[in-house]
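J.: Sharing query.txt here; it has compact mmCIF, C-alpha atoms and all ligand atoms.
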```txt
# COMPACT_ATOMS: atom_id res chain seq x y z
CA MET A 2 43.98 74.31 74.77
CA GLU A 3 46.12 73.30 77.74
CA LYS A 4 49.83 72.58 77.31
CA ASN A 5 51.48 69.64 79.01
CA HIS A 6 54.14 70.98 81.42
CA ASN A 7 55.10 67.63 82.82
CA VAL A 8 58.81 66.79 82.75
CA SER A 9 59.69 63.22 82.05
CA ARG A 10 62.14 61.35 84.23
CA ARG A 11 64.62 61.33 81.31
CA GLN A 12 64.34 65.13 80.87
CA PHE A 13 64.73 65.71 84.61
CA LEU A 14 67.89 63.59 84.73
CA THR A 15 69.27 65.40 81.66
CA TYR A 16 68.68 68.82 83.26
CA ALA A 17 70.15 67.66 86.57
CA LEU A 18 73.26 66.29 84.87
CA LEU A 19 73.69 69.44 82.80
CA GLY A 20 73.35 71.62 85.88
CA THR A 21 75.82 69.54 87.88
CA GLY A 22 78.23 69.40 84.94
CA GLY A 23 77.98 73.17 84.55
CA PHE A 24 78.89 73.74 88.20
CA MET A 25 81.81 71.34 87.95
CA ALA A 26 83.06 72.97 84.74
CA ALA A 27 82.84 76.42 86.35
CA GLY A 28 84.79 75.11 89.33
CA LEU A 29 87.54 73.93 86.99
CA ILE A 30 87.56 76.91 84.65
CA MET A 31 87.41 79.78 87.18
CA PRO A 32 90.84 79.03 88.74
CA MET A 33 92.32 78.91 85.22
CA VAL A 34 90.76 82.27 84.35
CA ARG A 35 92.02 83.73 87.62
CA PHE A 36 95.49 82.33 86.94
CA GLY A 37 95.44 84.09 83.58
CA VAL A 38 94.08 87.40 84.88
CA ASP A 39 96.17 87.68 88.08
CA PRO A 40 99.40 88.73 86.32
CA ILE A 41 97.50 91.59 84.70
CA LEU A 42 96.14 92.73 88.05
CA GLN A 43 99.59 92.29 89.58
CA ALA A 44 101.15 94.46 86.89
CA ASP A 45 98.66 97.20 87.71
CA ALA A 46 99.45 96.86 91.39
CA GLU A 47 103.17 97.27 90.71
CA GLU A 48 102.55 100.55 88.89
CA ASP A 49 100.44 101.89 91.73
CA MET A 50 102.89 103.38 94.18
CA ILE A 51 101.25 104.77 97.31
CA ASP A 52 102.27 108.17 98.69
CA VAL A 53 103.00 107.57 102.39
CA VAL A 54 105.18 110.24 103.98
CA SER A 55 107.53 113.17 103.40
CA VAL A 56 111.24 112.30 103.50
CA ASP A 57 111.65 115.22 105.93
CA GLU A 58 109.73 113.29 108.58
CA LEU A 59 112.13 110.34 108.50
CA THR A 60 115.01 109.74 110.89
CA ASP A 61 117.43 106.89 111.41
CA VAL A 62 115.00 105.43 113.96
CA PRO A 63 112.21 103.27 112.49
CA GLN A 64 108.80 104.95 112.78
CA ALA A 65 105.38 103.49 112.02
CA PHE A 66 103.42 105.21 109.22
CA ASP A 67 99.99 104.41 107.85
CA MET A 68 99.63 103.46 104.20
CA GLU A 69 96.09 103.71 102.81
CA TYR A 70 94.87 102.53 99.44
CA GLU A 71 91.94 100.97 97.62
CA GLN A 72 92.12 97.32 96.60
CA ASP A 73 89.91 96.33 93.69
CA HIS A 74 88.77 92.71 94.03
CA GLY A 75 86.72 92.85 90.83
CA TRP A 76 83.37 92.53 92.59
CA HIS A 77 84.05 95.21 95.24
CA VAL A 78 86.60 97.82 96.19
CA GLU A 79 88.10 97.53 99.66
CA GLN A 80 89.66 100.39 101.63
CA VAL A 81 92.91 99.02 103.06
CA GLN A 82 95.10 100.49 105.77
CA GLU A 83 98.52 99.05 106.54
CA THR A 84 101.26 100.14 108.90
CA VAL A 85 104.83 100.31 107.59
CA TRP A 86 108.07 100.81 109.51
CA ILE A 87 110.19 103.40 107.67
CA TYR A 88 113.60 104.90 108.45
CA LEU A 89 116.68 106.37 106.79
CA ASP A 90 119.86 104.33 106.42
CA GLY A 91 122.19 107.16 105.44
CA ASP A 92 120.40 108.59 102.37
CA GLU A 93 118.55 105.38 101.64
CA VAL A 94 114.91 104.94 102.60
CA VAL A 95 114.13 101.57 104.18
CA ALA A 96 110.48 100.48 104.50
CA LEU A 97 109.72 97.24 106.33
CA SER A 98 106.56 95.25 106.76
CA PRO A 99 105.41 94.90 110.38
CA VAL A 100 104.18 91.36 109.71
CA CYS A 101 106.30 88.88 111.66
CA THR A 102 107.67 86.18 109.35
CA HIS A 103 107.07 83.52 112.00
CA LEU A 104 103.28 83.37 112.24
CA GLY A 105 102.15 86.82 111.17
CA CYS A 106 101.82 88.84 114.39
CA THR A 107 102.76 92.52 114.36
CA VAL A 108 106.28 93.57 115.27
CA ASN A 109 107.15 96.82 117.02
CA TRP A 110 110.37 98.75 117.26
CA GLY A 111 112.20 98.92 120.59
CA THR A 112 109.51 97.43 122.82
CA ASP A 113 111.75 94.71 124.29
CA PRO A 114 113.59 96.45 127.18
CA ASP A 115 116.51 94.03 126.84
CA ASN A 116 116.87 94.77 123.10
CA PRO A 117 115.75 98.37 122.53
CA GLU A 118 117.49 98.61 119.14
CA GLN A 119 115.54 95.75 117.55
CA PHE A 120 112.06 94.92 116.26
CA PHE A 121 110.21 92.71 118.71
CA CYS A 122 107.28 90.36 118.18
CA PRO A 123 105.33 89.81 121.41
CA CYS A 124 103.64 86.58 120.27
CA HIS A 125 106.63 84.25 120.57
CA PHE A 126 109.40 86.75 121.37
CA GLY A 127 110.72 86.94 117.82
CA ARG A 128 113.34 89.61 117.20
CA PHE A 129 114.76 91.35 114.12
CA GLU A 130 117.67 93.73 113.50
CA ARG A 131 116.92 97.27 112.36
CA ASP A 132 117.32 96.19 108.71
CA GLY A 133 114.76 93.43 109.26
CA THR A 134 117.22 90.53 109.56
CA ASN A 135 115.83 87.85 111.85
CA ILE A 136 117.86 87.19 115.00
CA PRO A 137 119.10 83.58 115.10
CA GLY A 138 117.71 81.61 118.04
CA THR A 139 114.33 83.39 117.91
CA PRO A 140 111.32 81.80 116.13
CA PRO A 141 111.31 83.76 112.81
CA THR A 142 113.44 82.05 110.16
CA GLU A 143 113.47 84.84 107.56
CA PRO A 144 113.82 88.64 107.56
CA LEU A 145 110.92 91.10 107.59
CA HIS A 146 109.67 91.83 104.09
CA ARG A 147 110.82 95.06 102.49
CA TYR A 148 108.67 97.43 100.43
CA ASP A 149 109.67 98.61 96.97
CA HIS A 150 109.92 102.38 97.15
CA GLU A 151 110.57 105.56 95.20
CA VAL A 152 111.23 109.11 96.32
CA ARG A 153 109.35 111.67 94.19
CA ASP A 154 109.29 115.38 94.95
CA GLY A 155 110.41 114.75 98.51
CA ARG A 156 107.69 112.17 99.15
CA VAL A 157 108.17 108.46 99.84
CA LEU A 158 106.01 106.23 97.63
CA LEU A 159 105.70 102.53 98.40
CA GLY A 160 104.87 99.55 96.21
CA ASN A 161 104.57 95.96 97.34
CA PRO A 162 106.50 94.22 100.12
CA SER A 163 108.69 91.30 99.13
CA PRO A 164 110.99 88.86 100.94
CA GLN A 165 114.60 89.93 101.52
CA VAL A 166 116.03 86.47 100.90
S1 LIG B 201 104.48 85.37 115.28
FE1 LIG B 201 106.20 86.56 115.71
S2 LIG B 201 107.49 85.29 116.83
FE2 LIG B 201 105.78 84.05 116.36
```
Please lay out the structure from this file as structure tokens.
T.:
Amino acid sequence: MEKNHNVSRRQFLTYALLGTGGFMAAGLIMPMVRFGVDPILQADAEEDMIDVVSVDELTDVPQAFDMEYEQDHGWHVEQVQETVWIYLDGDEVVALSPVCTHLGCTVNWGTDPDNPEQFFCPCHFGRFERDGTNIPGTPPTEPLHRYDHEVRDGRVLLGNPSPQV
């Protein structure tokens, strides 16, 4: 005996509407789920301090060090490498992000011959003091972000960068 596999117009429209409604509901619900889960992931990230360098290697002149870690996106784990400018201000460790607060280019220390004691951004000639303060009259309008840090057993561990304002 042969079964009838024909789908009526009414059934087809019902399935199509259910499918479309499902996609729309997922589009609305997923951001809410992410909003709820993000603080949990953020809390984990705050606990994960990354070992970057020995305090013995630091001087009062900012030096660039690599910071490597794995970032778990849920569906895949990414190997991330960032550069951080680190120096000693007396006994205090200062770790600054190299990301220019104007439009995100990379700043370097002492590469502007006219201002060798400052960070310099080559994209639009932005400049920052050694502590990351933006120089008035140059494009950046806020200081370089500063990393949370700890010193454990003579090693510098870094957390997340955050604005200095
Ligand atoms: S991106 Fe650095 S000055 Fe514009």
J.: Distance limit 8 Å, reference ligand LIG 201 (chain B), atoms considered: all atoms listed in the file. Which residues make the cut? Give them as a ChimeraX atom specification.
T.: /A:100-108,121-128,139-141
J.: Any idea what the distance is between atom CA of A:Asn135 and atom CA of A:Phe120?
T.: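 Here the two named atoms are 9.1 Å from each other.
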J.: Using all atoms listed in the file, can you tell me which of A:Thr142, A:Asn7, A:Gln12, A:Ser55 comes closest to A:Val94?
T.: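 Of A:Thr142, A:Asn7, A:Gln12, A:Ser55, the one nearest A:Val94, counting all atoms listed in the file, is A:Ser55.
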J.: Please provide the set of residues having any atom within 12 Å of A:Val85, restricted to all atoms listed in the file, with same-chain residues fewer than 6 positions apart removed, written as a short mmCIF file (atom, residue, chain, number, x, y, z; two decimals) with C-alpha atoms, in the frame of the given file.
T.:
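Output (out-v3.cif):
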```
data_model
loop_
_atom_site.label_atom_id
_atom_site.label_comp_id
_atom_site.auth_asym_id
_atom_site.auth_seq_id
_atom_site.Cartn_x
_atom_site.Cartn_y
_atom_site.Cartn_z
CA ILE A 51 101.25 104.77 97.31
CA VAL A 53 103.00 107.57 102.39
CA VAL A 54 105.18 110.24 103.98
CA PRO A 63 112.21 103.27 112.49
CA GLN A 64 108.80 104.95 112.78
CA ALA A 65 105.38 103.49 112.02
CA PHE A 66 103.42 105.21 109.22
CA ASP A 67 99.99 104.41 107.85
CA MET A 68 99.63 103.46 104.20
CA GLU A 69 96.09 103.71 102.81
CA VAL A 95 114.13 101.57 104.18
CA ALA A 96 110.48 100.48 104.50
CA LEU A 97 109.72 97.24 106.33
CA SER A 98 106.56 95.25 106.76
CA PRO A 99 105.41 94.90 110.38
CA VAL A 100 104.18 91.36 109.71
CA THR A 107 102.76 92.52 114.36
CA VAL A 108 106.28 93.57 115.27
CA ASN A 109 107.15 96.82 117.02
CA TRP A 110 110.37 98.75 117.26
CA LEU A 145 110.92 91.10 107.59
CA HIS A 146 109.67 91.83 104.09
CA ARG A 147 110.82 95.06 102.49
CA TYR A 148 108.67 97.43 100.43
CA ASP A 149 109.67 98.61 96.97
CA HIS A 150 109.92 102.38 97.15
CA VAL A 157 108.17 108.46 99.84
CA LEU A 158 106.01 106.23 97.63
CA LEU A 159 105.70 102.53 98.40
CA GLY A 160 104.87 99.55 96.21
CA ASN A 161 104.57 95.96 97.34
CA PRO A 162 106.50 94.22 100.12
#
```
J.: Between atom CA of A:Thr21 and atom CA of A:Ser9, what is the distance, to one decimal in Å?
T.: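 So the answer is 18.3 Å.
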J.: Figure out the distance between atom CA of A:Asp92 and atom CA of A:Arg156, please, to one decimal in Å.
T.: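 If I compute the distance from atom CA of A:Arg156 to atom CA of A:Asp92, I get 13.6 Å.
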